[in-house]
There are 2 protein chains.
Amino acid sequence: MSDPVPRRRGRRPAGEDTRGAIVAAARTVFAAKGYEAATMRGIARAAGVDPRLVHHYFAGKEDVFVEAMQFPIRPAQVIGPAVEPGPEGLGERMVRVFFAAWDGPDQRERIVALLVSAATSPEGARMLREFVVREILGRVVERIPGPDPALRAELAAAQMIGVAFIRYVVGVEPVASASPDRLVELLAPTLQRYITGDVAAGAGPDPAANADS
Amino acid sequence: MSDPVPRRRGRRPAGEDTRGAIVAAARTVFAAKGYEAATMRGIARAAGVDPRLVHHYFAGKEDVFVEAMQFPIRPAQVIGPAVEPGPEGLGERMVRVFFAAWDGPDQRERIVALLVSAATSPEGARMLREFVVREILGRVVERIPGPDPALRAELAAAQMIGVAFIRYVVGVEPVASASPDRLVELLAPTLQRYITGDVAAGAGPDPAANADS
């Protein structure tokens, strides 16, 4: 019960071993098939358990992935509320979700594991790519007005991936020790500009995109 | 002579073995001491050669590092010309330097090697961090007006590191296949805003920072 991520429903019928076996099997399935093609049924088959048992432990494929990869957020739970109010102020809400997820102890190892897995194996790259595109960017892209929303959403994501690399992985000062609030102040307008700024025509920043104006 | 990066002066007195031994020794020295504390003399000692021989093959420590780490640019040669004309338009010039350096065949392996080395060992992180701060960011920071120039230079660098990760390492579409020109169009205003935009007060983008206006 110490891990806040997995959602449990009802009592445990088969103990931690079954749950652990499902998670281990899920890692193999995600690596072999990617995130898109993986199914709850396939994970159950790989774990040698009844599919109902997988559904007993996990609300869905996203939850299995989040636990198997130790991903720090459940996108369904945090991306939805962030995009719900609309494009206005979305840049700041996304930056805050990012720091709430990653700015804690013991997160460096998780980030390193994700980056290295994606960098060193095609399977690692594919499953992370498909998960991020489907569960995170997909939810944001549909709220971005104007042309090339996927391109702009990915450049916003790139900004935050780079911050993760500099702040948590390599530890470059002053970013490594800057307060989240100061970083939000600098980064939120960048993300907001990708979301609602006049960037599609390459005409430079649009002050009207700023929530303060 | 096929590698454009190392600068040679005069004839080779001791052949490729000596040169290779210097590069191999340099990797050990950079890993052990970091970039800042490493010296041409220390590299010579580790390679068991006269320091004059290291100076014969390499113009300086930066050149040894660039070759030892297969870094795609010599910062002294490309960062200088980019920052020389001043802050105006610097965002676009930096983005173009980035794509000129990385947007070629066989670059993915180099990027992966750099990222994984930095992510998986403190020594790898330190030498890359010290090299980038000293030879790249250091040259840019001194041209950035206003408060917190290092913080803003690093967030600009973070944007491009994230693009490298998405475009070259993980291959997320549409960024992976977008033309460099289109990406320059979208990214240059982001970097320019960190360099000259009204970001210090968190007041949002400053249209006056755009070179087109």
# chains A, B, ... in the order shown; residues from 1 in each chain; ligands from 1
$ select_by_dssp --residues "segment 38-149 of chain A" --states "helix (DSSP H, G or I)" --output "MDAnalysis selection string"
chainID A and resid 40:47 51:57 61:68 75:83 90:102 107:120 122:141 149
$ residues_around --residues "segment 159-174 of chain A" --least-positions-apart "3" --cutoff "7 Å" --atoms "only C-alpha atoms" --output "PyMOL selection string"
(chain A and resi 108+112+155-156+177-178) or (chain B and resi 118-119+125+129+150-151+155+158-159+161-162)
$ closest_residue --among "A:Ala38, A:Val141, A:Leu191, A:Val175" --to "chain B" --atoms "only C-alpha atoms"
A:Val175
$ atom_distance --atom1 "atom CA of Pro75 of chain B" --atom2 "atom CA of Ile136 of chain B"
5.9 Å
$ residues_around --residues "Leu90 of chain B" --least-positions-apart "4" --cutoff "12 Å" --atoms "only C-alpha atoms" --output "count of residues only"
33
$ closest_residue --among "B:Arg27, B:Lys33, B:Arg126, B:His55" --to "chain A" --atoms "only C-alpha atoms"
B:Arg126
